[in-house]
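To keep things clear, I will list the structure first and then write my remarks on it.
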Amino acid sequence: GNSVTQMEGPVTLSEEAFLTINCTYTATGYPSLFWYVQYPGEGLQLLLKATKADDKGSNKGFEATYRKETTSFHLEKGSVQVSDSAVYFCALGNAGGTSYGKLTFGQGTILTVHP
Amino acid sequence: GAVVSQHPSWVICKSGTSVKIECRSLDFQATTMFWYRQFPKQSLMLMATSNEGSKATYEQGVEKDKFLINHASLTLSTLTVTSAHPEDSSFYICSAGGWGVFDGYTFGSGTRLTVV
């Protein structure tokens with residue numbers, strides 16, 4: 001079955017530091033990959049996505065590249081801000097078949113950015 | 001863009017009572033909705049998948065008689081936690097999407113349920 005593994009947190013950085021959150025997956029077929037962000041007490045917001053190998057998703061300075069050869073989708077940002085403090089979830093979804101639309105989530109990584 | 005409204009955002013109820021949570025797609029028709037549960041500082045676990053006009057499909061280990069899901073229209077799905085117990089206290093989140101609109105689905109803002 002599908003599974004997603006994220007690097008364990010929490011991650012604590014100073015403002016303007018470089019961020020990497022590792023994500024690897026196992027899946028059948030050709031899944032789509034996503035990063036979601038959850039701020040305290042709120043639901044999930046889609047941060048970025050990639051639907052096929054070598055696609056790069058990007059949004060708000062965050063980037064992630066769909067690497068089929070290493071089954072990875074690592075999240076990066078060149079310069080984090082205090083407002084980036086949140087929980088980040090890597091997720092995998094199948095766009096077809098009986099598992100259409102189901103998302104499998106990683107365990108989440110808590111990011112705290114200090115001024 | 002697609003918007004999903006989830007209500008209520010938080011609820012406190014007594015043990016033994018039932019609580020209904022609503023998930024509405026505001027500007028699109030959601031043929032499929034998913035209900036997730038999130039324990040504190042943990043990931044989201046899929047509870048069930050509901051398709052408009054048909055019975056929900058529950059994940060293994062989820063009690064269908066306890067977590068009643070109804071998806072009677074293309075814009076509304078409800079989750080009813082029946083005979084709630086303190087161990088049902090959790091954060092419940094829905095997501096909605098329609099065929100051909102799969103961009104990771106749009107999530108509601110979640111409902112914090114506390115059973116006392």
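Residue names in the structure tokens use chain letters A, B, ... in the order shown, residue numbers from 1 in each chain, and ligand numbers from 1 in the order shown.
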With only C-alpha atoms counted and 6 Å as the cut-off, give the residues of chain A in contact with chain B, each with its shortest interatomic distance in Å and the pair that gives it, as JSON lines.
{"residue": "A:Glu42", "atom": "CA", "partner": "B:Ser109", "partner_atom": "CA", "distance": 5.5}
{"residue": "A:Gly43", "atom": "CA", "partner": "B:Ser109", "partner_atom": "CA", "distance": 3.9}
{"residue": "A:Leu44", "atom": "CA", "partner": "B:Phe107", "partner_atom": "CA", "distance": 6.0}
{"residue": "A:Gln107", "atom": "CA", "partner": "B:Ser43", "partner_atom": "CA", "distance": 4.6}
{"residue": "A:Gly108", "atom": "CA", "partner": "B:Ser43", "partner_atom": "CA", "distance": 5.9}
- Could you give me, as a PyMOL selection string, each residue of chain A that DSSP assigns to strand (DSSP E or B) when run on this structure's backbone? chain A and resi 3-6+11-14+19-21+23-26+32-38+44-50+56-59+62-65+67+72+75-77+86-94+100+103-105+109-114
- Query: Which polymer residues have any atom within 7 Å of an atom of Phe105 (chain A), counting only C-alpha atoms, with same-chain residues fewer than 3 positions away left out, as a ChimeraX atom specification?
  - Reply: /A:4,89-92 /B:43-44
Please produce a file of the residues just selected, as a PDB file, in the first residue's frame, where the atoms kept are all heavy atoms.
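Everything below was put into selection04.pdb:
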ATOM      1  N   VAL A   4       3.906   7.334   3.401  1.00  0.00           N
ATOM      2  CA  VAL A   4       4.711   8.555   3.314  1.00  0.00           C
ATOM      3  C   VAL A   4       5.513   8.687   4.591  1.00  0.00           C
ATOM      4  O   VAL A   4       4.961   8.558   5.687  1.00  0.00           O
ATOM      5  CB  VAL A   4       3.812   9.800   3.130  1.00  0.00           C
ATOM      6  CG1 VAL A   4       4.656  11.068   3.137  1.00  0.00           C
ATOM      7  CG2 VAL A   4       3.005   9.692   1.848  1.00  0.00           C
ATOM      8  N   PHE A  89       2.840  18.892   6.287  1.00  0.00           N
ATOM      9  CA  PHE A  89       2.512  17.502   5.976  1.00  0.00           C
ATOM     10  C   PHE A  89       2.819  17.210   4.513  1.00  0.00           C
ATOM     11  O   PHE A  89       2.382  17.935   3.620  1.00  0.00           O
ATOM     12  CB  PHE A  89       1.025  17.216   6.200  1.00  0.00           C
ATOM     13  CG  PHE A  89       0.602  17.226   7.641  1.00  0.00           C
ATOM     14  CD1 PHE A  89       0.068  18.366   8.205  1.00  0.00           C
ATOM     15  CD2 PHE A  89       0.726  16.087   8.427  1.00  0.00           C
ATOM     16  CE1 PHE A  89      -0.332  18.379   9.531  1.00  0.00           C
ATOM     17  CE2 PHE A  89       0.330  16.098   9.752  1.00  0.00           C
ATOM     18  CZ  PHE A  89      -0.202  17.248  10.303  1.00  0.00           C
ATOM     19  N   CYS A  90       3.525  16.142   4.297  1.00  0.00           N
ATOM     20  CA  CYS A  90       3.716  15.614   2.954  1.00  0.00           C
ATOM     21  C   CYS A  90       2.598  14.608   2.711  1.00  0.00           C
ATOM     22  O   CYS A  90       2.224  13.856   3.628  1.00  0.00           O
ATOM     23  CB  CYS A  90       5.087  14.939   2.863  1.00  0.00           C
ATOM     24  SG  CYS A  90       5.533  14.326   1.240  1.00  0.00           S
ATOM     25  N   ALA A  91       2.049  14.589   1.518  1.00  0.00           N
ATOM     26  CA  ALA A  91       0.935  13.677   1.250  1.00  0.00           C
ATOM     27  C   ALA A  91       1.026  13.124  -0.162  1.00  0.00           C
ATOM     28  O   ALA A  91       1.607  13.742  -1.058  1.00  0.00           O
ATOM     29  CB  ALA A  91      -0.402  14.381   1.458  1.00  0.00           C
ATOM     30  N   LEU A  92       0.406  11.987  -0.330  1.00  0.00           N
ATOM     31  CA  LEU A  92       0.409  11.284  -1.609  1.00  0.00           C
ATOM     32  C   LEU A  92      -1.019  10.953  -1.967  1.00  0.00           C
ATOM     33  O   LEU A  92      -1.808  10.552  -1.115  1.00  0.00           O
ATOM     34  CB  LEU A  92       1.243  10.011  -1.434  1.00  0.00           C
ATOM     35  CG  LEU A  92       1.390   8.976  -2.515  1.00  0.00           C
ATOM     36  CD1 LEU A  92       2.653   8.174  -2.247  1.00  0.00           C
ATOM     37  CD2 LEU A  92       0.207   8.034  -2.586  1.00  0.00           C
TER      38      LEU A  92
ATOM     39  N   SER B  43      -0.621  12.786  12.800  1.00  0.00           N
ATOM     40  CA  SER B  43      -1.022  13.001  11.420  1.00  0.00           C
ATOM     41  C   SER B  43      -2.516  12.768  11.240  1.00  0.00           C
ATOM     42  O   SER B  43      -3.228  12.418  12.168  1.00  0.00           O
ATOM     43  CB  SER B  43      -0.230  12.066  10.514  1.00  0.00           C
ATOM     44  OG  SER B  43      -0.461  12.393   9.165  1.00  0.00           O
ATOM     45  N   LEU B  44      -2.975  12.976  10.025  1.00  0.00           N
ATOM     46  CA  LEU B  44      -4.379  12.766   9.718  1.00  0.00           C
ATOM     47  C   LEU B  44      -4.609  11.331   9.280  1.00  0.00           C
ATOM     48  O   LEU B  44      -3.859  10.794   8.455  1.00  0.00           O
ATOM     49  CB  LEU B  44      -4.823  13.687   8.574  1.00  0.00           C
ATOM     50  CG  LEU B  44      -5.032  15.141   8.927  1.00  0.00           C
ATOM     51  CD1 LEU B  44      -3.698  15.866   9.003  1.00  0.00           C
ATOM     52  CD2 LEU B  44      -5.928  15.805   7.904  1.00  0.00           C
TER      53      LEU B  44
END
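The residue set within 7 Å of Val37 (chain A), counting only C-alpha atoms and dropping same-chain residues fewer than 4 places from it, reads Leu44, Gln45, Leu46, Leu47, Ala86, Val87, Tyr88 and Phe89 of chain A.
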- Task: Compile the contact shell of Val81 (chain B) as a list in words: residues with an atom at most 8 Å away, counting only C-alpha atoms, same-chain residues fewer than 3 positions apart removed.
- Result: Ser18, Val19, Lys20, Lys66, Phe67, Leu68 and Ala84 of chain B
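CA of Asn51 (chain B) is found 5.7 Å from CA of Thr31 (chain B).
The shortest atom-to-atom distance to Asn94 (chain A), with only C-alpha atoms taken into account, belongs to A:Lys52 out of A:His114, A:Lys52, A:Lys60, A:Arg67.
Restricting the calculation to only C-alpha atoms, the smallest distance between Thr24 (chain A) and any of A:Glu76, A:Glu69, A:Asp55, A:Glu63 is found for A:Glu69.
Close contacts of Glu22 (chain B), defined as residues with an atom at most 9 Å away when counting only C-alpha atoms, with chain neighbours fewer than 6 positions off set aside, comprise Ser5, Gln6, His7, Pro8, Leu76, Ser77, Thr78, Leu79, Thr80 and Cys94 of chain B.
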- Would you list the contacts of Met47 (chain B) as a ChimeraX atom specification, taking every protein, DNA or RNA residue within 7 Å and counting only C-alpha atoms, but skipping same-chain residues closer than 6 positions in sequence? /B:35-37,58-59,62
Saved selection, atoms kept: all heavy atoms, as a PDB file, in the first residue's frame:
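Wrote part06.pdb, looks like this:
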ATOM      1  N   TRP B  35     -13.487  12.164   5.161  1.00  0.00           N
ATOM      2  CA  TRP B  35     -13.443  12.580   6.559  1.00  0.00           C
ATOM      3  C   TRP B  35     -12.185  12.020   7.210  1.00  0.00           C
ATOM      4  O   TRP B  35     -11.896  10.821   7.120  1.00  0.00           O
ATOM      5  CB  TRP B  35     -14.682  12.087   7.298  1.00  0.00           C
ATOM      6  CG  TRP B  35     -15.916  12.847   6.930  1.00  0.00           C
ATOM      7  CD1 TRP B  35     -16.839  12.519   5.976  1.00  0.00           C
ATOM      8  CD2 TRP B  35     -16.350  14.089   7.483  1.00  0.00           C
ATOM      9  NE1 TRP B  35     -17.817  13.480   5.909  1.00  0.00           N
ATOM     10  CE2 TRP B  35     -17.543  14.452   6.824  1.00  0.00           C
ATOM     11  CE3 TRP B  35     -15.855  14.935   8.480  1.00  0.00           C
ATOM     12  CZ2 TRP B  35     -18.247  15.619   7.130  1.00  0.00           C
ATOM     13  CZ3 TRP B  35     -16.551  16.094   8.777  1.00  0.00           C
ATOM     14  CH2 TRP B  35     -17.722  16.430   8.112  1.00  0.00           C
ATOM     15  N   TYR B  36     -11.434  12.935   7.845  1.00  0.00           N
ATOM     16  CA  TYR B  36     -10.192  12.569   8.506  1.00  0.00           C
ATOM     17  C   TYR B  36     -10.304  12.884  10.003  1.00  0.00           C
ATOM     18  O   TYR B  36     -11.072  13.751  10.430  1.00  0.00           O
ATOM     19  CB  TYR B  36      -9.007  13.364   7.944  1.00  0.00           C
ATOM     20  CG  TYR B  36      -8.658  13.070   6.505  1.00  0.00           C
ATOM     21  CD1 TYR B  36      -9.333  13.698   5.469  1.00  0.00           C
ATOM     22  CD2 TYR B  36      -7.642  12.174   6.196  1.00  0.00           C
ATOM     23  CE1 TYR B  36      -8.996  13.435   4.148  1.00  0.00           C
ATOM     24  CE2 TYR B  36      -7.306  11.912   4.873  1.00  0.00           C
ATOM     25  CZ  TYR B  36      -7.992  12.545   3.863  1.00  0.00           C
ATOM     26  OH  TYR B  36      -7.658  12.289   2.554  1.00  0.00           O
ATOM     27  N   ARG B  37      -9.457  12.203  10.745  1.00  0.00           N
ATOM     28  CA  ARG B  37      -9.375  12.451  12.176  1.00  0.00           C
ATOM     29  C   ARG B  37      -7.910  12.699  12.513  1.00  0.00           C
ATOM     30  O   ARG B  37      -7.017  12.027  11.982  1.00  0.00           O
ATOM     31  CB  ARG B  37      -9.893  11.228  12.943  1.00  0.00           C
ATOM     32  CG  ARG B  37      -9.902  11.387  14.435  1.00  0.00           C
ATOM     33  CD  ARG B  37     -10.572  10.188  15.069  1.00  0.00           C
ATOM     34  NE  ARG B  37     -10.619  10.329  16.521  1.00  0.00           N
ATOM     35  CZ  ARG B  37     -11.196   9.467  17.339  1.00  0.00           C
ATOM     36  NH1 ARG B  37     -11.780   8.383  16.866  1.00  0.00           N
ATOM     37  NH2 ARG B  37     -11.190   9.670  18.635  1.00  0.00           N
ATOM     38  N   TYR B  58     -15.918   2.944   4.784  1.00  0.00           N
ATOM     39  CA  TYR B  58     -15.148   3.204   5.994  1.00  0.00           C
ATOM     40  C   TYR B  58     -13.798   2.491   5.942  1.00  0.00           C
ATOM     41  O   TYR B  58     -13.676   1.386   5.415  1.00  0.00           O
ATOM     42  CB  TYR B  58     -15.931   2.731   7.220  1.00  0.00           C
ATOM     43  CG  TYR B  58     -17.148   3.583   7.522  1.00  0.00           C
ATOM     44  CD1 TYR B  58     -18.349   3.391   6.835  1.00  0.00           C
ATOM     45  CD2 TYR B  58     -17.090   4.587   8.484  1.00  0.00           C
ATOM     46  CE1 TYR B  58     -19.454   4.182   7.095  1.00  0.00           C
ATOM     47  CE2 TYR B  58     -18.193   5.377   8.751  1.00  0.00           C
ATOM     48  CZ  TYR B  58     -19.371   5.169   8.050  1.00  0.00           C
ATOM     49  OH  TYR B  58     -20.459   5.960   8.309  1.00  0.00           O
ATOM     50  N   GLU B  59     -12.808   3.120   6.529  1.00  0.00           N
ATOM     51  CA  GLU B  59     -11.498   2.492   6.638  1.00  0.00           C
ATOM     52  C   GLU B  59     -11.532   1.435   7.744  1.00  0.00           C
ATOM     53  O   GLU B  59     -12.379   1.466   8.647  1.00  0.00           O
ATOM     54  CB  GLU B  59     -10.434   3.548   6.936  1.00  0.00           C
ATOM     55  CG  GLU B  59     -10.263   4.565   5.824  1.00  0.00           C
ATOM     56  CD  GLU B  59      -9.817   3.957   4.515  1.00  0.00           C
ATOM     57  OE1 GLU B  59      -8.745   3.308   4.490  1.00  0.00           O
ATOM     58  OE2 GLU B  59     -10.548   4.101   3.514  1.00  0.00           O
ATOM     59  N   VAL B  62     -12.637   1.653  11.741  1.00  0.00           N
ATOM     60  CA  VAL B  62     -13.551   2.750  12.029  1.00  0.00           C
ATOM     61  C   VAL B  62     -14.965   2.194  12.165  1.00  0.00           C
ATOM     62  O   VAL B  62     -15.453   1.490  11.274  1.00  0.00           O
ATOM     63  CB  VAL B  62     -13.511   3.814  10.910  1.00  0.00           C
ATOM     64  CG1 VAL B  62     -14.522   4.927  11.201  1.00  0.00           C
ATOM     65  CG2 VAL B  62     -12.115   4.384  10.772  1.00  0.00           C
TER      66      VAL B  62
END
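Counting from CA of Val82 (chain A), the distance to CA of Leu33 (chain A) is 25.7 Å.
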